[in-house]
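All remarks here apply to the structure that follows.
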Amino acid sequence: MTMIGLEIHCQLTNLNSKLFCSCKANYREFKINENICPVCMGLPGSLPRLNQEAVKKATMIAMALNCTIPEKIAFFRKNYFYPDSPKNFQITQLNIYGDTSVGGTGSVMIGDKKIRITRIQLEEDPGRLIYDGSSSKNQITLVDYNRAGTPLVEIVTEPDFETPHEVRDFLNILSNILTNLGVADPSLEGAMRADANISIEGGKKVEIKNIGSFHDLEKAVHFEIIRQDSLHSRNIEIIQETRHWDDRRKITVSSRSKEEDLDYRYFLEGDIPWVKIDPEIQKKLKTEMPESISSKKARYISKYNIPAQVADVLSSDKYYSDLFEDAYTESNAKEVANIITTELMGLVDTREKREVSKFTSVHLRDLADAIQSGKVSRNSSKNALHEILKSGKDLSTVISELDLGNVSDESELSRIIAQIISEEPQAVEQSKSNSQTINYLVGKVMQKTKGKADPVLTLDILKKQIGI
Amino acid sequence: MNLKISALDYVQEVKTGNISAEDFVANTIERIQNVDDKLHAFLSVNEDAINQARAIDKKIKSGEKVGDCFGMPISIKDNMCIKDSKTTCASKMLENFIAPYDATVIAKLKRQDAIFVGKVNMDEFAMGLTTEFSAYGPSKNPWNVEYVSGGSSGGSAVSVSALECVASLGSDTGGSVRNPASFCSAVGYKPTYGLISRYGLISYANSIEQIGPLTRTVKDTAFMLNLITGIDPNDDTTIDNKNEDYLSGIESGIEGKKIGIIKEMIGEGIDPAVLSATKDAIAKLEGLGATCEEISLDMVKYSVAAYYTITATEAGSNLARYDNLRYGYDFPLDGYEFNSYISKARRKFGPEVIRRMIIGGFVPSAGHSGKYFLKALKVKSKLTKEVNGAFKKFDFLISPTVPILPFKLGEKIDDPVSLFLVDINTVTANLTGKPAISIPFANSNGLPIGIQLMADSMHDKLLLQAAYALEQTVRLPEVPI
């Protein structure tokens, strides 16, 4: 049986400051080595001061993943030398002397399958190495410490995944949970990174490190399973090793380093006192947490009678559920959900598109109301939506500028219908015996009015004029 | 000009206009120039000190608000950062390190118009108890320059004792303030853990060390504590002392107080002169109305071993950052793989630092930590329990600060294990986080002896009252330099 376990590193990108100093958590906007201070540079004499907001947010993640929450958390030093680590140790968490990390065991459901969470820990991100130089002979390594000290949450799972597909489903669910909590933006470059442990039937465990995005994680797992299967089929032993994901070539490469032999000499970080997260504080945190995805879904189904599948899609993505929450009224909820899932999703499916889109919840509400009242046809509403995304103009302006309004003037419509009846004597005759044929005539009217005829009114007048 | 003046007297004299800050600081600098060739307390002297003093005099004359120090010249152990000045930790590794920021204690003292006359000598990275491990040579004991000053804050103790400043800040990881204070006849204070911010103090063993003042009198120590204690947003381990005034009520006396005499600290190996001074101190305290009784603290016999295990572990981690990548000295990096680069870059560490870092790499390592590091933590926690128990019964615990007299330079430097045992009476306060003070008490053949009092956590104010009471019973000779 294939067994896959994940270690996911997720930056808390929505925090203001780093984990132990007041430099920005969002280091991406800075020039190299300009988002640094004595603390995150580990200068002699500097001390870490714990960002309590980070503890809060990390605990919320642990709660959202159904983890046990210890009453007191502690930080440990992981000692190792690497140029991107300014202190040559990383402040992280550890559970070997009892559960003291932000989250203990938990679980996430992928459909009917339970993925167990081993633990969740809060730690600091190191700096970033930049390799420069044209050939390996004159290659130099530069270090950018802007990222050093960024709050990072590590989520470790049990080896419960069996396929890359399950991994992808899990990552989607996790991304949605993190976004819904408002703690991180998983789409930011480098905000989500992962290691994976993979073993196939009869083989040793292989660890893949350095996978830079969720997208690549699925690919890396897929590649590694094929690699191991291929070795196995040729009776070549699968050795226990650490491999790196080469994200240029999209393959895993043996790291040949003895990383597993490193002794990190973990011990308690004395500069950071234990943090109490007792039941009282936990209760308070729970009230501060945004509504969970599953609770939103249940509410959409029971309260607004939205089909389960639509509710699922709507609740999972914070962007859409926020739009929904802001736009819906008691009477238009279903229509709003419908517009989002059938029209909008295809148009704003990437971060970039969402950023340039001028579409707001007010547009959404107006559009749903207009469709429901027959002011605009479903067909025309698509054109209106395109225009709004581009220009951001309000719906009534768009309708009049593009002439999208329904022909709901009865005399105008009666005139057009009379014309159709005279042009289509055969169909008129048939419609008297076959009720389906009337739809053909409605279609003709729509054609003539470029889809702007109010369908209900059209049907009414047609029936009246034909006499059925 | 009389430089042998307490901090409180200095402030009074300048306030009333009897002396000017400029005159006093200029005389202090002159004194440093005259005696420091012999004593080597200073690693660097503040060239701008006299100008700074003049500026303070101007403030006084113009009636501007002046900070509580009134230009008082203070020396600072060279492991605390003063912005834009060299902070070497008496190491070649940081020979050219210019601190880009002020330690919290420095910022606080600056606001009170203190003048830092210079940075003073210490054992490299505060590892040692004689300053003989300073990369820049040892400080000499002003009572007899053939003798060690004690350490690691030796430069602080020498500069206070030899009138090269009015007060000093040292740091105490296992006795590093109290030990040289005892050897040089100064008051040395190790506060409750967390009372003084460590932000800007270069870490050696961060879980147990504290900055502490070295002064001429107990009242001066209380005065200094008033200026530098309290919660610091830059140090999460600081504790709220509610702006305690350590000077008020300092003369309350110790009548009715109970004092425990720690048996393990006056036992085997103690110098007879030290023992008799201790007995004398006990008699004097009883004379002031305290009751004294022996107590056995069983864990004390393991305390030094635990202390060295814990400090080595933390030092190994705290000093790992000195890889010469972000600051340091000129060093060609060509052709080195990172690990071999590190080992080469770190060759500037001195022998004691290297010794402790090697130990620090071993005792917490997988497969050995159970036998060493974790066991040391167990001793620490048992010792703390024991000491907490003692403070249920006693207000204070008493012992000599160091069981032996100052020894000659070079006498013990090649025998690290016998040096370690000099710490036996001081490490307990660090391992348990309790406040402790060394009070100059006696003199044996021209060599000072200090008495140590310890109190329960956050009883710093009470401790100073007891220390003051004992101090009042003492008359000591003038320093012979």
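Letters for chains follow the order of the structure tokens (A, B, ...), residue numbers begin at 1 for each chain, and ligand numbers begin at 1 in the order shown.
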Can you build me a table of chain A residues sitting at most 8 Å from chain B, with the closest atom pair per residue and its distance in Å to one decimal, using only C-alpha atoms, sorted by chain and residue number, as a tab-separated table?
```
residue	atom	partner	partner_atom	distance
A:Pro38	CA	B:Pro100	CA	7.9
A:Gly42	CA	B:Arg321	CA	7.2
A:Pro44	CA	B:Ile202	CA	5.3
A:Gly45	CA	B:Ile202	CA	3.8
A:Ser46	CA	B:Gly200	CA	5.5
A:Leu47	CA	B:Tyr199	CA	5.9
A:Pro48	CA	B:Asp235	CA	7.3
A:Arg49	CA	B:Asp236	CA	5.6
A:Leu50	CA	B:Asp236	CA	7.4
A:Asn79	CA	B:Ser317	CA	6.6
A:Phe81	CA	B:Asn339	CA	7.5
A:Tyr82	CA	B:Phe338	CA	7.6
A:Pro83	CA	B:Leu325	CA	7.7
A:Pro86	CA	B:Arg321	CA	6.5
A:Lys87	CA	B:Arg321	CA	4.4
A:Asn88	CA	B:Arg321	CA	5.3
A:Phe89	CA	B:Ser317	CA	7.0
A:Asp263	CA	B:Ala366	CA	6.4
A:Tyr264	CA	B:Ser365	CA	7.7
A:Arg265	CA	B:Ser365	CA	5.2
A:Tyr266	CA	B:Pro364	CA	7.7
A:Phe267	CA	B:Pro364	CA	7.9
A:Gly270	CA	B:Ser207	CA	4.8
A:Asp271	CA	B:Thr237	CA	6.2
A:Ile272	CA	B:Asp236	CA	6.0
A:Pro273	CA	B:Thr237	CA	6.3
```
Would you mind exporting N, CA and C atoms of the selected residues as a short mmCIF file (atom, residue, chain, number, x, y, z; two decimals), in the first residue's frame?
```
data_model
loop_
_atom_site.label_atom_id
_atom_site.label_comp_id
_atom_site.auth_asym_id
_atom_site.auth_seq_id
_atom_site.Cartn_x
_atom_site.Cartn_y
_atom_site.Cartn_z
N PRO A 38 17.81 44.29 14.53
CA PRO A 38 18.73 43.50 15.35
C PRO A 38 18.15 42.15 15.78
N GLY A 42 19.44 38.43 14.51
CA GLY A 42 20.14 37.70 15.57
C GLY A 42 21.39 38.42 16.04
N PRO A 44 24.15 40.29 18.32
CA PRO A 44 24.53 40.04 19.71
C PRO A 44 23.65 40.87 20.65
N GLY A 45 23.09 40.22 21.66
CA GLY A 45 22.32 40.93 22.67
C GLY A 45 20.84 41.06 22.38
N SER A 46 20.43 40.80 21.13
CA SER A 46 19.01 40.96 20.83
C SER A 46 18.23 39.77 21.37
N LEU A 47 16.95 39.99 21.66
CA LEU A 47 16.11 38.93 22.21
C LEU A 47 14.81 38.84 21.42
N PRO A 48 14.28 37.63 21.28
CA PRO A 48 12.99 37.51 20.60
C PRO A 48 11.86 37.99 21.50
N ARG A 49 10.87 38.65 20.95
CA ARG A 49 9.66 38.91 21.74
C ARG A 49 8.47 38.37 20.94
N LEU A 50 7.76 37.50 21.58
CA LEU A 50 6.76 36.69 20.88
C LEU A 50 5.56 37.53 20.42
N ASN A 79 18.92 23.49 16.90
CA ASN A 79 20.27 23.99 16.60
C ASN A 79 20.86 23.35 15.36
N PHE A 81 23.56 24.62 11.74
CA PHE A 81 24.22 25.70 11.01
C PHE A 81 23.72 25.77 9.59
N TYR A 82 23.27 26.94 9.19
CA TYR A 82 22.94 27.17 7.79
C TYR A 82 22.95 28.68 7.58
N PRO A 83 23.48 29.13 6.45
CA PRO A 83 23.66 30.59 6.30
C PRO A 83 22.36 31.39 6.31
N PRO A 86 19.96 33.26 10.88
CA PRO A 86 20.83 34.28 11.46
C PRO A 86 21.40 33.91 12.83
N LYS A 87 20.69 33.11 13.61
CA LYS A 87 21.18 32.75 14.93
C LYS A 87 21.84 31.38 14.92
N ASN A 88 21.77 30.72 13.80
CA ASN A 88 22.19 29.32 13.68
C ASN A 88 21.42 28.41 14.62
N PHE A 89 20.24 28.85 14.99
CA PHE A 89 19.23 27.95 15.53
C PHE A 89 17.88 28.52 15.14
N ASP A 263 21.97 16.20 14.54
CA ASP A 263 21.43 16.20 15.90
C ASP A 263 21.11 17.64 16.25
N TYR A 264 19.85 17.93 16.39
CA TYR A 264 19.43 19.33 16.55
C TYR A 264 19.55 19.84 17.98
N ARG A 265 19.92 19.00 18.90
CA ARG A 265 20.11 19.41 20.30
C ARG A 265 18.97 20.32 20.77
N TYR A 266 17.76 19.85 20.60
CA TYR A 266 16.59 20.64 21.01
C TYR A 266 16.64 20.95 22.51
N PHE A 267 16.39 22.17 22.86
CA PHE A 267 16.12 22.48 24.27
C PHE A 267 15.25 23.72 24.37
N GLY A 270 14.70 29.69 26.50
CA GLY A 270 14.50 30.41 27.77
C GLY A 270 14.08 31.86 27.59
N ASP A 271 14.28 32.41 26.41
CA ASP A 271 13.93 33.82 26.21
C ASP A 271 12.44 34.04 26.00
N ILE A 272 11.70 32.93 25.80
CA ILE A 272 10.25 33.07 25.60
C ILE A 272 9.52 32.28 26.67
N PRO A 273 8.87 32.97 27.60
CA PRO A 273 8.14 32.25 28.63
C PRO A 273 6.99 31.43 28.03
#
```
Check the DSSP output for the backbone and give back, as a PyMOL selection string, the residues of region 72-304 of chain B in strand (DSSP E or B). chain B and resi 73-77+80+86+98+115-120+140-141+144-148+167-172+187-190+196+201+210-215+229+232+235+258-262+291-295
Open item on the list: List the spatial neighbours of Pro477 (chain B) as a ChimeraX atom specification - criterion: any atom at most 12 Å away, only C-alpha atoms, same-chain residues fewer than 6 positions off excluded.
Closed with: /B:143,161,185,440-448
* Residues near region 293-299 of chain B, cut-off 6 Å, only C-alpha atoms, skip fewer than 6 positions along chain, as a list in words -> Gly260, Ile261, Ile262, Lys263 and Leu383 of chain B
- Query: Counting only C-alpha atoms, what is within 12 Å of Tyr193 (chain B), bar same-chain residues fewer than 2 positions away, as a ChimeraX atom specification?
  - Reply: /A:270-271 /B:171-173,189-191,195-198,206-212,229-231,235-241,429-436,456-460
Find the spatial neighbours of Ser156 (chain B), counting only C-alpha atoms, within a cut-off of 8 Å - ignore same-chain residues fewer than 2 positions away - and output them as a tab-separated table (two decimals) with N, CA and C atoms, in the first residue's frame.
```
chain	number	residue	atom	x	y	z
B	41	ALA	N	41.33	47.47	33.99
B	41	ALA	CA	39.88	47.28	34.14
B	41	ALA	C	39.18	47.60	32.81
B	75	SER	N	30.81	52.61	34.68
B	75	SER	CA	31.48	51.72	33.71
B	75	SER	C	30.54	50.57	33.37
B	76	ILE	N	30.68	50.06	32.17
B	76	ILE	CA	29.77	49.03	31.67
B	76	ILE	C	30.58	47.82	31.21
B	77	LYS	N	30.19	46.68	31.71
B	77	LYS	CA	30.83	45.43	31.26
B	77	LYS	C	30.70	45.33	29.75
B	120	VAL	N	34.24	47.80	30.31
B	120	VAL	CA	35.23	47.16	31.17
B	120	VAL	C	35.41	45.66	30.90
B	121	ASN	N	36.52	45.20	31.36
B	121	ASN	CA	37.04	43.86	31.04
B	121	ASN	C	36.20	42.75	31.68
B	153	SER	N	32.79	39.53	35.76
B	153	SER	CA	32.71	41.00	35.71
B	153	SER	C	33.87	41.65	36.46
B	154	GLY	N	35.09	41.17	36.22
B	154	GLY	CA	36.25	41.66	36.94
B	154	GLY	C	36.51	43.14	36.70
B	158	VAL	N	36.83	45.95	39.62
B	158	VAL	CA	38.09	46.69	39.75
B	158	VAL	C	37.82	48.19	39.59
B	159	SER	N	37.02	48.56	38.58
B	159	SER	CA	36.81	49.98	38.31
B	159	SER	C	36.06	50.66	39.46
B	160	VAL	N	35.15	49.94	40.09
B	160	VAL	CA	34.44	50.52	41.24
B	160	VAL	C	35.38	50.62	42.44
B	168	SER	N	29.07	50.47	38.48
B	168	SER	CA	29.27	49.71	37.26
B	168	SER	C	28.12	48.74	37.06
B	169	LEU	N	27.92	48.35	35.79
B	169	LEU	CA	26.99	47.25	35.54
B	169	LEU	C	27.77	46.04	35.09
B	170	GLY	N	27.49	44.93	35.74
B	170	GLY	CA	28.07	43.66	35.31
B	170	GLY	C	26.95	42.72	34.95
B	214	LEU	N	27.31	46.87	40.37
B	214	LEU	CA	28.40	46.79	41.34
B	214	LEU	C	28.62	48.21	41.84
```
- Task: Find the residues near Ala453 (chain A): any atom within 12 Å, counting only C-alpha atoms, skip ones fewer than 6 places away on the same chain, and give them as a list in words.
- Result: Gly374, Lys375, Val376, Ser377, Arg378, Asn379, Ser380, Leu404, Gly405, Asn406, Val407, Ser408, Asp409, Glu410, Glu412, Leu413, Ser414, Ile416, Ile417, Val442, Gly443, Lys444, Val445, Met446, Gln447, Leu459, Asp460 and Ile461 of chain A
Go ahead and write the selection's residues with N, CA and C atoms as a short mmCIF file (atom, residue, chain, number, x, y, z; two decimals), in the first residue's frame.
```cif
data_model
loop_
_atom_site.label_atom_id
_atom_site.label_comp_id
_atom_site.auth_asym_id
_atom_site.auth_seq_id
_atom_site.Cartn_x
_atom_site.Cartn_y
_atom_site.Cartn_z
N GLY A 374 -37.47 40.16 -13.67
CA GLY A 374 -37.67 40.12 -15.10
C GLY A 374 -37.15 41.34 -15.83
N LYS A 375 -36.39 42.18 -15.11
CA LYS A 375 -35.86 43.38 -15.73
C LYS A 375 -34.80 43.04 -16.77
N VAL A 376 -34.09 41.96 -16.49
CA VAL A 376 -33.07 41.54 -17.43
C VAL A 376 -33.16 40.02 -17.53
N SER A 377 -32.93 39.53 -18.72
CA SER A 377 -33.02 38.08 -18.89
C SER A 377 -31.74 37.44 -18.42
N ARG A 378 -31.81 36.15 -18.14
CA ARG A 378 -30.64 35.41 -17.70
C ARG A 378 -29.53 35.51 -18.75
N ASN A 379 -29.99 35.46 -19.96
CA ASN A 379 -29.07 35.54 -21.08
C ASN A 379 -28.31 36.86 -21.10
N SER A 380 -29.07 37.94 -21.00
CA SER A 380 -28.46 39.27 -21.04
C SER A 380 -27.62 39.52 -19.80
N LEU A 404 -29.58 46.31 -22.73
CA LEU A 404 -29.77 44.92 -22.33
C LEU A 404 -31.13 44.69 -21.67
N GLY A 405 -31.88 45.77 -21.48
CA GLY A 405 -33.13 45.64 -20.73
C GLY A 405 -34.14 44.77 -21.46
N ASN A 406 -34.96 44.08 -20.73
CA ASN A 406 -35.99 43.24 -21.33
C ASN A 406 -37.03 44.08 -22.05
N VAL A 407 -37.54 43.51 -23.13
CA VAL A 407 -38.67 44.14 -23.77
C VAL A 407 -39.89 43.71 -22.97
N SER A 408 -40.33 44.56 -22.10
CA SER A 408 -41.45 44.17 -21.25
C SER A 408 -42.65 45.10 -21.50
N ASP A 409 -42.47 45.92 -22.57
CA ASP A 409 -43.60 46.77 -22.97
C ASP A 409 -44.58 45.88 -23.74
N GLU A 410 -45.80 45.74 -23.22
CA GLU A 410 -46.73 44.74 -23.75
C GLU A 410 -47.10 44.98 -25.21
N GLU A 412 -45.41 46.61 -27.52
CA GLU A 412 -44.24 46.36 -28.37
C GLU A 412 -44.09 44.86 -28.60
N LEU A 413 -44.20 44.11 -27.49
CA LEU A 413 -44.04 42.66 -27.55
C LEU A 413 -45.18 42.02 -28.37
N SER A 414 -46.41 42.54 -28.17
CA SER A 414 -47.56 42.01 -28.91
C SER A 414 -47.37 42.18 -30.42
N ILE A 416 -44.47 42.32 -32.04
CA ILE A 416 -43.46 41.37 -32.51
C ILE A 416 -44.05 39.96 -32.59
N ILE A 417 -44.87 39.59 -31.58
CA ILE A 417 -45.43 38.24 -31.53
C ILE A 417 -46.42 38.03 -32.69
N VAL A 442 -41.53 30.73 -28.67
CA VAL A 442 -40.87 31.63 -27.70
C VAL A 442 -39.44 31.91 -28.16
N GLY A 443 -38.79 30.84 -28.62
CA GLY A 443 -37.41 30.97 -29.12
C GLY A 443 -37.33 31.96 -30.26
N LYS A 444 -38.30 31.88 -31.13
CA LYS A 444 -38.33 32.80 -32.27
C LYS A 444 -38.43 34.25 -31.79
N VAL A 445 -39.30 34.46 -30.81
CA VAL A 445 -39.45 35.81 -30.26
C VAL A 445 -38.12 36.29 -29.65
N MET A 446 -37.49 35.38 -28.94
CA MET A 446 -36.20 35.72 -28.33
C MET A 446 -35.17 36.11 -29.39
N GLN A 447 -35.18 35.33 -30.46
CA GLN A 447 -34.26 35.61 -31.56
C GLN A 447 -34.47 37.03 -32.08
N LEU A 459 -44.68 34.28 -23.27
CA LEU A 459 -45.48 33.07 -23.26
C LEU A 459 -46.98 33.42 -23.11
N ASP A 460 -47.22 34.34 -22.22
CA ASP A 460 -48.58 34.80 -21.95
C ASP A 460 -49.26 35.32 -23.22
N ILE A 461 -48.56 36.25 -23.88
CA ILE A 461 -49.13 36.91 -25.06
C ILE A 461 -49.29 35.91 -26.19
#
```
Legend entry - Those of region 82-125 of chain B in DSSP alpha helix (DSSP H), formatted as a PyMOL selection string: chain B and resi 104-111
